[in-house]
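Okay, target34.tsv now, which holds TSV, C-alpha atoms:
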```tsv
chain	number	residue	atom	x	y	z
A	1	MET	CA	-5.55	15.08	-31.70
A	2	THR	CA	-4.85	18.81	-31.60
A	3	VAL	CA	-2.81	19.73	-28.54
A	4	GLY	CA	-1.52	22.98	-27.19
A	5	PRO	CA	-1.87	25.42	-24.30
A	6	THR	CA	-4.94	25.10	-22.10
A	7	PRO	CA	-6.53	27.38	-19.51
A	8	GLY	CA	-5.39	26.70	-15.97
A	9	ALA	CA	-3.48	28.16	-13.05
A	10	LEU	CA	-0.22	27.78	-14.97
A	11	ALA	CA	-1.55	28.72	-18.41
A	12	GLY	CA	1.18	30.46	-20.38
A	13	LEU	CA	4.01	28.77	-18.49
A	14	ARG	CA	6.39	27.12	-20.95
A	15	VAL	CA	8.40	24.14	-19.73
A	16	VAL	CA	11.07	22.14	-21.56
A	17	ASP	CA	11.28	18.67	-19.99
A	18	MET	CA	14.59	17.03	-20.87
A	19	SER	CA	14.46	14.63	-17.94
A	20	THR	CA	14.07	10.87	-18.10
A	21	VAL	CA	12.27	8.07	-16.26
A	22	LEU	CA	10.54	9.29	-13.09
A	23	ALA	CA	11.51	12.07	-10.67
A	24	GLY	CA	12.21	14.82	-13.20
A	25	PRO	CA	9.30	13.92	-15.48
A	26	ASN	CA	7.02	13.83	-12.43
A	27	CYS	CA	8.06	17.41	-11.63
A	28	ALA	CA	7.09	18.50	-15.14
A	29	ARG	CA	3.90	16.41	-15.02
A	30	TYR	CA	2.58	18.32	-12.00
A	31	LEU	CA	3.18	21.59	-13.84
A	32	ALA	CA	1.45	20.25	-16.94
A	33	ASP	CA	-1.55	19.05	-14.94
A	34	PHE	CA	-2.26	22.64	-13.94
A	35	GLY	CA	-1.98	24.18	-17.37
A	36	ALA	CA	1.70	24.58	-18.21
A	37	ASP	CA	2.66	23.91	-21.82
A	38	VAL	CA	5.27	21.18	-21.38
A	39	ILE	CA	7.36	19.93	-24.28
A	40	LYS	CA	8.94	16.58	-23.54
A	41	VAL	CA	12.28	16.29	-25.33
A	42	GLU	CA	13.30	12.67	-25.89
A	43	ARG	CA	16.55	11.28	-27.21
A	44	PRO	CA	16.45	9.25	-30.44
A	45	GLY	CA	14.84	5.93	-29.62
A	46	GLY	CA	12.77	7.48	-26.86
A	47	ASP	CA	12.77	7.65	-23.08
A	48	SER	CA	13.45	4.28	-21.44
A	49	LEU	CA	10.29	4.77	-19.38
A	50	ARG	CA	8.31	3.84	-22.48
A	51	ASN	CA	9.59	0.27	-22.11
A	52	MET	CA	9.79	-0.10	-18.34
A	53	ALA	CA	7.54	-2.54	-16.46
A	54	TRP	CA	3.96	-3.02	-17.62
A	55	ARG	CA	2.69	-2.21	-21.11
A	56	ASP	CA	-0.80	-1.44	-22.31
A	57	PRO	CA	-1.74	-4.48	-24.42
A	58	ARG	CA	-3.93	-2.30	-26.62
A	59	ASP	CA	-1.11	-0.22	-28.06
A	60	GLY	CA	2.09	-1.59	-26.54
A	61	GLU	CA	2.87	1.69	-24.76
A	62	GLY	CA	4.22	1.63	-21.22
A	63	LEU	CA	1.72	2.38	-18.45
A	64	TRP	CA	4.37	4.33	-16.56
A	65	TRP	CA	4.89	6.47	-19.66
A	66	LYS	CA	1.19	7.20	-20.06
A	67	LEU	CA	0.91	8.42	-16.47
A	68	VAL	CA	4.14	10.33	-15.93
A	69	ASN	CA	4.16	12.10	-19.28
A	70	ARG	CA	0.50	12.95	-19.57
A	71	ASN	CA	-0.46	16.45	-20.70
A	72	LYS	CA	2.92	16.89	-22.43
A	73	ARG	CA	3.75	17.39	-26.08
A	74	THR	CA	6.65	15.28	-27.27
A	75	VAL	CA	9.52	15.73	-29.68
A	76	VAL	CA	12.63	13.69	-30.45
A	77	LEU	CA	15.84	15.73	-30.56
A	78	ASP	CA	19.47	14.66	-30.70
A	79	VAL	CA	21.25	17.49	-28.90
A	80	LYS	CA	24.55	16.44	-30.51
A	81	ASP	CA	23.06	17.17	-33.95
A	82	ASP	CA	23.39	20.81	-34.96
A	83	ALA	CA	19.87	21.14	-36.38
A	84	ASP	CA	18.22	19.45	-33.41
A	85	ARG	CA	20.35	21.43	-30.98
A	86	SER	CA	19.19	24.61	-32.68
A	87	VAL	CA	15.56	23.56	-32.16
A	88	LEU	CA	16.23	22.92	-28.46
A	89	LEU	CA	17.92	26.27	-27.96
A	90	ARG	CA	15.05	28.09	-29.66
A	91	LEU	CA	12.68	26.40	-27.21
A	92	VAL	CA	14.90	27.38	-24.29
A	93	ASP	CA	15.04	31.00	-25.44
A	94	ASP	CA	11.29	31.37	-24.92
A	95	ALA	CA	10.83	28.93	-22.03
A	96	HIS	CA	10.25	29.74	-18.39
A	97	VAL	CA	11.50	26.40	-17.02
A	98	LEU	CA	13.83	23.64	-18.13
A	99	VAL	CA	13.82	20.35	-16.20
A	100	GLU	CA	16.72	17.92	-16.54
A	101	ASN	CA	18.01	14.99	-14.52
A	102	SER	CA	21.24	14.00	-16.20
A	103	ARG	CA	24.13	13.05	-13.97
A	104	PRO	CA	25.83	16.27	-12.75
A	105	GLY	CA	28.28	17.55	-15.34
A	106	THR	CA	26.51	16.00	-18.32
A	107	MET	CA	24.68	19.14	-19.40
A	108	GLU	CA	27.90	21.13	-19.06
A	109	ARG	CA	29.75	18.64	-21.27
A	110	LEU	CA	27.01	19.01	-23.86
A	111	GLY	CA	27.42	22.78	-23.78
A	112	LEU	CA	23.99	23.15	-22.15
A	113	GLY	CA	24.98	24.06	-18.62
A	114	PRO	CA	23.43	26.92	-16.63
A	115	ASP	CA	26.11	29.35	-17.82
A	116	VAL	CA	25.03	28.81	-21.42
A	117	LEU	CA	21.27	28.58	-20.95
A	118	LEU	CA	20.93	31.46	-18.47
A	119	ALA	CA	23.08	33.65	-20.71
A	120	ARG	CA	20.58	33.04	-23.51
A	121	ASN	CA	17.53	33.37	-21.26
A	122	PRO	CA	18.34	35.20	-18.01
A	123	ALA	CA	14.84	34.59	-16.61
A	124	LEU	CA	15.02	30.81	-17.06
A	125	VAL	CA	14.51	28.52	-14.08
A	126	MET	CA	16.69	25.45	-14.63
A	127	THR	CA	15.46	22.65	-12.40
A	128	ARG	CA	18.09	19.96	-11.95
A	129	VAL	CA	17.03	16.69	-10.37
A	130	SER	CA	19.78	14.25	-9.42
A	131	GLY	CA	20.58	11.45	-7.04
A	132	PHE	CA	22.84	13.33	-4.62
A	133	GLY	CA	22.82	16.98	-5.70
A	134	GLN	CA	24.99	19.02	-8.03
A	135	ASP	CA	28.02	19.02	-5.71
A	136	GLY	CA	29.47	17.06	-2.81
A	137	PRO	CA	31.54	13.84	-2.70
A	138	TYR	CA	28.72	11.68	-4.10
A	139	ALA	CA	27.49	14.02	-6.82
A	140	SER	CA	28.91	11.97	-9.69
A	141	ARG	CA	27.48	8.66	-8.49
A	142	PRO	CA	24.54	7.11	-10.35
A	143	GLY	CA	21.39	8.27	-8.56
A	144	PHE	CA	18.54	5.83	-8.04
A	145	ALA	CA	15.64	5.85	-5.61
A	146	THR	CA	16.75	2.58	-4.05
A	147	ILE	CA	20.06	4.11	-3.00
A	148	ALA	CA	18.38	7.23	-1.62
A	149	GLU	CA	15.97	5.07	0.39
A	150	ALA	CA	18.91	3.16	1.83
A	151	MET	CA	21.09	6.18	2.60
A	152	SER	CA	18.37	8.56	3.87
A	153	GLY	CA	17.52	6.42	6.91
A	154	LEU	CA	14.23	5.10	5.52
A	155	ALA	CA	15.30	1.49	4.94
A	156	ALA	CA	16.86	1.24	8.39
A	157	LEU	CA	13.45	2.00	9.93
A	158	SER	CA	11.45	-0.31	7.66
A	159	GLY	CA	10.82	-3.97	8.42
A	160	GLU	CA	10.45	-6.26	11.40
A	161	PRO	CA	12.72	-5.72	14.43
A	162	ASP	CA	14.92	-8.71	13.68
A	163	GLY	CA	14.42	-8.76	9.92
A	164	GLN	CA	16.17	-7.17	6.98
A	165	PRO	CA	15.82	-3.45	6.29
A	166	LEU	CA	13.08	-3.08	3.70
A	167	LEU	CA	12.69	-0.83	0.69
A	168	PRO	CA	9.35	0.61	-0.46
A	169	PRO	CA	7.56	-1.60	-3.01
A	170	ILE	CA	6.69	1.47	-5.08
A	171	ALA	CA	8.72	4.30	-6.64
A	172	LEU	CA	8.26	6.34	-3.47
A	173	THR	CA	11.37	8.51	-3.72
A	174	ASP	CA	10.78	9.40	-7.36
A	175	GLU	CA	7.19	10.39	-6.61
A	176	VAL	CA	8.08	12.54	-3.59
A	177	THR	CA	11.08	14.12	-5.29
A	178	GLY	CA	8.91	15.06	-8.26
A	179	LEU	CA	6.58	16.93	-5.93
A	180	ALA	CA	9.47	18.59	-4.11
A	181	ALA	CA	11.07	19.67	-7.37
A	182	ALA	CA	7.76	21.07	-8.66
A	183	PHE	CA	7.35	23.05	-5.43
A	184	ALA	CA	10.91	24.39	-5.62
A	185	THR	CA	10.40	25.30	-9.27
A	186	MET	CA	7.32	27.34	-8.41
A	187	VAL	CA	9.21	29.07	-5.58
A	188	ALA	CA	11.97	30.01	-8.02
A	189	LEU	CA	9.44	31.25	-10.58
A	190	HIS	CA	7.72	33.34	-7.91
A	191	SER	CA	11.04	35.05	-7.19
A	192	GLY	CA	11.12	36.43	-10.73
A	193	ILE	CA	14.84	35.71	-10.90
A	194	GLY	CA	16.40	33.24	-13.33
A	195	GLN	CA	18.26	30.62	-11.36
A	196	VAL	CA	19.12	26.95	-10.85
A	197	VAL	CA	16.97	24.68	-8.67
A	198	ASP	CA	19.06	21.83	-7.21
A	199	ALA	CA	16.71	19.01	-6.08
A	200	ASN	CA	17.85	15.49	-5.37
A	201	LEU	CA	16.56	12.10	-4.29
A	202	LEU	CA	18.70	11.69	-1.17
A	203	GLU	CA	17.89	14.98	0.54
A	204	THR	CA	14.21	14.77	-0.38
A	205	MET	CA	13.91	11.46	1.46
A	206	PHE	CA	16.07	12.75	4.30
A	207	GLN	CA	13.52	15.55	4.73
A	208	MET	CA	10.90	12.84	5.34
A	209	MET	CA	12.75	11.63	8.47
A	210	GLY	CA	11.15	14.28	10.67
A	211	PRO	CA	12.92	14.96	13.97
A	212	LEU	CA	14.99	11.76	13.95
A	213	VAL	CA	18.21	13.62	13.13
A	214	SER	CA	17.44	16.04	15.99
A	215	LEU	CA	16.80	13.13	18.33
A	216	TYR	CA	20.11	11.52	17.47
A	217	GLY	CA	22.05	14.77	17.62
A	218	ILE	CA	20.71	15.67	21.05
A	219	SER	CA	20.53	12.30	22.79
A	220	GLY	CA	22.17	9.69	20.59
A	221	GLU	CA	18.87	7.80	20.47
A	222	GLN	CA	17.68	6.16	17.27
A	223	GLN	CA	14.20	5.02	16.31
A	224	PRO	CA	14.10	1.22	16.18
A	225	ARG	CA	12.67	-0.93	13.43
A	226	LEU	CA	9.16	-1.92	14.59
A	227	GLY	CA	7.42	-3.42	11.58
A	228	ALA	CA	4.18	-1.45	11.19
A	229	GLY	CA	4.59	0.22	14.57
A	230	LEU	CA	5.85	3.57	15.81
A	231	PRO	CA	7.81	4.05	19.05
A	232	TYR	CA	5.58	6.88	20.31
A	233	THR	CA	2.09	5.65	19.30
A	234	VAL	CA	0.62	2.39	20.61
A	235	PRO	CA	-1.36	0.68	19.24
A	236	ARG	CA	-0.41	1.65	15.73
A	237	GLY	CA	-0.07	-0.74	12.85
A	238	THR	CA	-1.86	-3.39	10.84
A	239	TYR	CA	-3.83	-6.19	12.46
A	240	ARG	CA	-5.35	-9.37	11.08
A	241	CYS	CA	-9.04	-10.06	11.68
A	242	SER	CA	-10.75	-13.41	12.15
A	243	ASP	CA	-11.77	-13.62	8.48
A	244	GLY	CA	-8.19	-13.10	7.28
A	245	HIS	CA	-8.62	-9.46	6.26
A	246	TRP	CA	-6.38	-6.73	7.66
A	247	ILE	CA	-7.08	-3.31	9.16
A	248	ALA	CA	-4.85	-0.37	10.08
A	249	VAL	CA	-5.19	1.61	13.31
A	250	SER	CA	-3.61	4.80	14.63
A	251	THR	CA	-3.85	6.28	18.13
A	252	SER	CA	-1.79	9.41	17.59
A	253	SER	CA	-3.86	11.54	19.96
A	254	ASP	CA	-4.84	10.92	23.58
A	255	SER	CA	-8.54	11.37	22.87
A	256	VAL	CA	-8.52	8.76	20.09
A	257	ALA	CA	-6.40	6.43	22.20
A	258	ALA	CA	-8.89	6.66	25.06
A	259	ARG	CA	-11.72	5.64	22.75
A	260	VAL	CA	-9.68	2.73	21.41
A	261	MET	CA	-8.94	1.56	24.95
A	262	GLY	CA	-12.68	1.54	25.55
A	263	VAL	CA	-13.31	-0.60	22.47
A	264	LEU	CA	-10.63	-3.03	23.59
A	265	GLY	CA	-12.12	-3.27	27.08
A	266	VAL	CA	-9.16	-1.75	28.90
A	267	GLY	CA	-10.48	1.79	29.29
A	268	THR	CA	-10.04	1.69	33.06
A	269	ASP	CA	-6.48	0.31	32.97
A	270	ALA	CA	-4.26	3.13	34.24
A	271	ARG	CA	-1.25	1.71	32.39
A	272	PHE	CA	-2.76	2.91	29.14
A	273	ASP	CA	-3.90	6.41	30.14
A	274	THR	CA	-1.00	8.34	28.55
A	275	PHE	CA	1.37	8.14	25.61
A	276	GLU	CA	4.17	7.34	28.04
A	277	GLY	CA	2.18	4.59	29.70
A	278	ARG	CA	1.09	3.01	26.45
A	279	THR	CA	4.65	3.14	25.11
A	280	ALA	CA	6.06	1.62	28.31
A	281	HIS	CA	3.60	-1.26	28.00
A	282	ARG	CA	3.88	-1.62	24.23
A	283	LEU	CA	4.11	-5.40	24.15
A	284	GLU	CA	1.10	-5.94	26.39
A	285	LEU	CA	-1.07	-3.43	24.54
A	286	GLU	CA	-0.09	-4.68	21.08
A	287	GLN	CA	-1.01	-8.21	22.18
A	288	ILE	CA	-4.39	-7.03	23.45
A	289	MET	CA	-5.05	-5.30	20.12
A	290	THR	CA	-3.87	-8.30	18.10
A	291	ASP	CA	-5.99	-10.74	20.09
A	292	TRP	CA	-9.10	-8.52	19.96
A	293	CYS	CA	-8.92	-8.22	16.17
A	294	ALA	CA	-8.33	-11.95	15.82
A	295	ARG	CA	-11.68	-12.59	17.54
A	296	HIS	CA	-13.68	-10.35	15.17
A	297	THR	CA	-14.28	-10.08	11.45
A	298	ARG	CA	-13.02	-7.04	9.61
A	299	ALA	CA	-16.56	-5.67	9.30
A	300	GLU	CA	-17.06	-6.03	13.06
A	301	VAL	CA	-13.75	-4.33	13.81
A	302	LEU	CA	-14.47	-1.46	11.42
A	303	ASP	CA	-17.98	-0.99	12.80
A	304	ALA	CA	-16.81	-0.94	16.42
A	305	PHE	CA	-13.97	1.52	15.81
A	306	THR	CA	-16.05	3.74	13.55
A	307	ALA	CA	-18.82	3.91	16.17
A	308	ALA	CA	-16.20	4.97	18.70
A	309	GLU	CA	-14.86	7.64	16.29
A	310	ALA	CA	-11.47	5.97	16.37
A	311	ALA	CA	-8.97	6.14	13.51
A	312	ILE	CA	-9.21	2.96	11.46
A	313	GLY	CA	-9.19	1.86	7.85
A	314	PRO	CA	-9.15	-1.37	5.88
A	315	VAL	CA	-5.91	-2.43	4.21
A	316	TYR	CA	-6.74	-2.01	0.52
A	317	ASP	CA	-5.22	-3.37	-2.64
A	318	MET	CA	-5.92	-1.95	-6.11
A	319	ALA	CA	-9.02	-4.14	-6.52
A	320	ASP	CA	-10.49	-2.63	-3.33
A	321	ILE	CA	-9.63	0.90	-4.41
A	322	ALA	CA	-11.30	0.37	-7.80
A	323	VAL	CA	-14.72	-0.13	-6.18
A	324	ASP	CA	-14.42	2.16	-3.17
A	325	PRO	CA	-17.18	4.83	-3.12
A	326	HIS	CA	-14.99	7.55	-1.61
A	327	TYR	CA	-12.37	7.21	-4.35
A	328	ALA	CA	-15.20	7.36	-6.88
A	329	ALA	CA	-16.85	10.41	-5.32
A	330	ARG	CA	-13.54	12.26	-5.27
A	331	HIS	CA	-12.71	11.27	-8.87
A	332	ALA	CA	-9.38	10.01	-7.56
A	333	ILE	CA	-9.17	7.61	-10.50
A	334	ALA	CA	-9.48	9.37	-13.84
A	335	ASP	CA	-10.00	7.95	-17.32
A	336	VAL	CA	-7.45	9.63	-19.56
A	337	GLY	CA	-7.80	8.56	-23.15
A	338	GLY	CA	-9.18	5.20	-22.10
A	339	THR	CA	-6.47	4.56	-19.49
A	340	PRO	CA	-7.38	4.71	-15.79
A	341	MET	CA	-4.84	6.56	-13.69
A	342	GLN	CA	-4.58	8.82	-10.67
A	343	GLY	CA	-6.47	12.07	-10.88
A	344	LEU	CA	-5.06	15.47	-10.00
A	345	ILE	CA	-2.86	15.78	-6.93
A	346	ALA	CA	-5.00	18.61	-5.52
A	347	ARG	CA	-8.17	20.54	-6.27
A	348	LEU	CA	-8.20	24.26	-7.03
A	349	SER	CA	-11.63	25.83	-6.71
A	350	ALA	CA	-11.15	28.65	-9.22
A	351	THR	CA	-8.44	27.40	-11.60
A	352	PRO	CA	-8.59	23.59	-11.54
A	353	GLY	CA	-6.13	21.34	-13.29
A	354	GLN	CA	-7.13	19.27	-16.29
A	355	LEU	CA	-6.14	15.86	-17.60
A	356	ARG	CA	-6.12	16.25	-21.35
A	357	TRP	CA	-4.21	13.26	-22.71
A	358	SER	CA	-1.94	10.48	-21.54
A	359	GLY	CA	1.71	10.16	-22.54
A	360	ARG	CA	1.86	10.44	-26.31
A	361	ALA	CA	3.51	8.41	-29.03
A	362	LEU	CA	7.18	8.95	-29.82
A	363	ASP	CA	7.73	12.29	-31.58
A	364	ALA	CA	3.96	12.79	-31.79
A	365	ASP	CA	4.36	16.58	-31.94
A	366	GLY	CA	7.83	16.64	-33.44
A	367	ASP	CA	7.04	18.15	-36.84
A	368	ALA	CA	5.05	21.05	-35.38
A	369	ILE	CA	7.61	21.77	-32.67
A	370	ARG	CA	10.59	21.64	-35.05
A	371	GLU	CA	8.81	24.00	-37.41
A	372	SER	CA	7.13	26.43	-35.04
A	373	GLY	CA	8.43	25.86	-31.52
A	374	TRP	CA	6.02	27.26	-28.98
A	375	PRO	CA	2.56	28.20	-30.32
```
Now, as a test, write the supplied structure out as structure tokens.
Amino acid sequence: MTVGPTPGALAGLRVVDMSTVLAGPNCARYLADFGADVIKVERPGGDSLRNMAWRDPRDGEGLWWKLVNRNKRTVVLDVKDDADRSVLLRLVDDAHVLVENSRPGTMERLGLGPDVLLARNPALVMTRVSGFGQDGPYASRPGFATIAEAMSGLAALSGEPDGQPLLPPIALTDEVTGLAAAFATMVALHSGIGQVVDANLLETMFQMMGPLVSLYGISGEQQPRLGAGLPYTVPRGTYRCSDGHWIAVSTSSDSVAARVMGVLGVGTDARFDTFEGRTAHRLELEQIMTDWCARHTRAEVLDAFTAAEAAIGPVYDMADIAVDPHYAARHAIADVGGTPMQGLIARLSATPGQLRWSGRALDADGDAIRESGWP
């Protein structure tokens, strides 16, 4: 396979991706999806993501690797080796972005800190993704998504009222932080000034908490753990139907809530006319919703709510998604080199992204990169 720059919104943007596993590589992946020429620099032996979780039985490569490092060229470099270090620095000299997610201080100890790299390339944007940020009392701690989810407030809100705090069953923080870091990188590039982007897992997830910090600071109130519910929207959550299938409902506007009350047969009950009333009578209304769904099949529930233009959806697993016509029409699942994976994060009408190849074999482009660097 011949690989290299491709037309796209970010065509001509050169990115050195020195990061490992998920959040940092996700940042570089989003840039690559829209045309950036991303060179993935791996340590000898390769990124541990190649061996994490599920493997493709056809070639033994990790499925995480194929997704997160798609559209990137790859080279193995040992930055402690003089020859390999020279290759890296030549790449940096002509790069626009470098992404790294070593523990704070590591790049400096390797002689690759911002002082060194920005002196060589004053226009460079150095995007640093870490667990807790580049400074502060926790900066040197190992940074993992699980810890960010616990310390950001997310876990405390997740789970049943009397149950344990729950963590997301997916790599939520790494995915969101990758997006945040890609956004911040593009902001820095737009400035035209070489600089350091400091993105981290903890503060990214803390941003997701909405006004909860304001609520606590002003009144001392904290949002309780409500399972699938929200304190200000009732009914809201997942409900089991008579055939054992589940649906999800939201009533986050008065007009939708009024239509839902009509479907449930309580449209004339004044207790449920307002957000305040529905919240005050949460237990009664949740029981009405639960009982109503339990008397109907999922198809009946979906039909009734859809006819009322209420907000409802089936609870899907991957098997449901694989055959859903909307996912298919939107090309949300793409075939990349024979591997199904998520399509592009967004559509651009004039300069769309492109999925060219999945994560490549170890050092697949190493000879060409060591010899010629950027094309």
* Near Ala248 in chain A, within 10 Å and counting all atoms listed in the file, which residues show up once chain neighbours fewer than 5 positions away are dropped, as a VMD selection string? -> chain A and resid 228 235 to 240 302 311 to 316
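The shortest atom-to-atom distance to Val301 in chain A, with all atoms listed in the file taken into account, belongs to A:Met289 out of A:Val234, A:Val196, A:Met289, A:Cys27.
You will find CA of Gly131 in chain A at 6.1 Å from CA of Phe144 in chain A.
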* Skip Val197 in chain A itself and residues of its chain fewer than 2 positions away, then list as a ChimeraX atom specification all residues within 9 Å of it, counting only C-alpha atoms. => /A:125-129,181,184-185,188,195,199
* May I have the residues at most 12 Å from (1.9, 8.7, 28.1) in the file's coordinates, counting only C-alpha atoms, as a PyMOL selection string? => chain A and resi 231-234+251-255+257-258+270-282
Just C-alpha atoms for this one: save the residues we selected as a PDB file, in the frame of the given file.
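Final file, selection32.pdb:
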```pdb
ATOM      1  CA  PRO A 231       7.810   4.050  19.050  1.00  0.00           C
ATOM      2  CA  TYR A 232       5.580   6.880  20.310  1.00  0.00           C
ATOM      3  CA  THR A 233       2.090   5.650  19.300  1.00  0.00           C
ATOM      4  CA  VAL A 234       0.620   2.390  20.610  1.00  0.00           C
ATOM      5  CA  THR A 251      -3.850   6.280  18.130  1.00  0.00           C
ATOM      6  CA  SER A 252      -1.790   9.410  17.590  1.00  0.00           C
ATOM      7  CA  SER A 253      -3.860  11.540  19.960  1.00  0.00           C
ATOM      8  CA  ASP A 254      -4.840  10.920  23.580  1.00  0.00           C
ATOM      9  CA  SER A 255      -8.540  11.370  22.870  1.00  0.00           C
ATOM     10  CA  ALA A 257      -6.400   6.430  22.200  1.00  0.00           C
ATOM     11  CA  ALA A 258      -8.890   6.660  25.060  1.00  0.00           C
ATOM     12  CA  ALA A 270      -4.260   3.130  34.240  1.00  0.00           C
ATOM     13  CA  ARG A 271      -1.250   1.710  32.390  1.00  0.00           C
ATOM     14  CA  PHE A 272      -2.760   2.910  29.140  1.00  0.00           C
ATOM     15  CA  ASP A 273      -3.900   6.410  30.140  1.00  0.00           C
ATOM     16  CA  THR A 274      -1.000   8.340  28.550  1.00  0.00           C
ATOM     17  CA  PHE A 275       1.370   8.140  25.610  1.00  0.00           C
ATOM     18  CA  GLU A 276       4.170   7.340  28.040  1.00  0.00           C
ATOM     19  CA  GLY A 277       2.180   4.590  29.700  1.00  0.00           C
ATOM     20  CA  ARG A 278       1.090   3.010  26.450  1.00  0.00           C
ATOM     21  CA  THR A 279       4.650   3.140  25.110  1.00  0.00           C
ATOM     22  CA  ALA A 280       6.060   1.620  28.310  1.00  0.00           C
ATOM     23  CA  HIS A 281       3.600  -1.260  28.000  1.00  0.00           C
ATOM     24  CA  ARG A 282       3.880  -1.620  24.230  1.00  0.00           C
TER      25      ARG A 282
END
```
Quick one: which range 52-133 of chain A residues come within 10 Å of range 342-366 of chain A, and what is the nearest atom pair for each with the distance in Å to one decimal, counting all atoms listed in the file, rows ordered by chain and ascending number, as CSV?
```
residue,atom,partner,partner_atom,distance
A:Asp59,CA,A:Ala361,CA,9.8
A:Glu61,CA,A:Ala361,CA,8.0
A:Gly62,CA,A:Gly359,CA,9.0
A:Leu63,CA,A:Gly359,CA,8.8
A:Trp64,CA,A:Gly359,CA,8.8
A:Trp65,CA,A:Gly359,CA,5.7
A:Lys66,CA,A:Gly359,CA,3.9
A:Leu67,CA,A:Ser358,CA,6.2
A:Val68,CA,A:Gly359,CA,7.0
A:Asn69,CA,A:Gly359,CA,4.5
A:Arg70,CA,A:Ser358,CA,4.0
A:Asn71,CA,A:Trp357,CA,5.3
A:Lys72,CA,A:Gly359,CA,6.8
A:Arg73,CA,A:Asp365,CA,5.9
A:Thr74,CA,A:Asp363,CA,5.4
A:Val75,CA,A:Gly366,CA,4.2
A:Val76,CA,A:Asp363,CA,5.2
A:Leu77,CA,A:Gly366,CA,8.6
```
* **Point (13.7, 3.3, 14.9) neighbourhood (9 Å, all atoms listed in the file) written as an MDAnalysis selection string** => chainID A and resid 156:158 212 221:226 230:231
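Remark: for Asp303 in chain A, the closest of the candidate residues A:Gly194, A:Val263, A:Asp135, A:Thr268 is A:Val263 (distances computed over all atoms listed in the file).
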* Of the listed residues A:Ala95, A:Leu112, A:Leu124, A:Met205, that which approaches Ala148 in chain A most closely, counting only C-alpha atoms -> A:Met205
* Structure fact -> Across A:Gly35, A:Gly265, A:Gly227, A:Pro325, the smallest distance to Val15 in chain A, with all atoms listed in the file counted, is shown by A:Gly35
* Using all atoms listed in the file, find the one residue out of A:Gly8, A:Met341, A:Leu117, A:Thr306 that sits nearest to Ile321 in chain A. => A:Met341
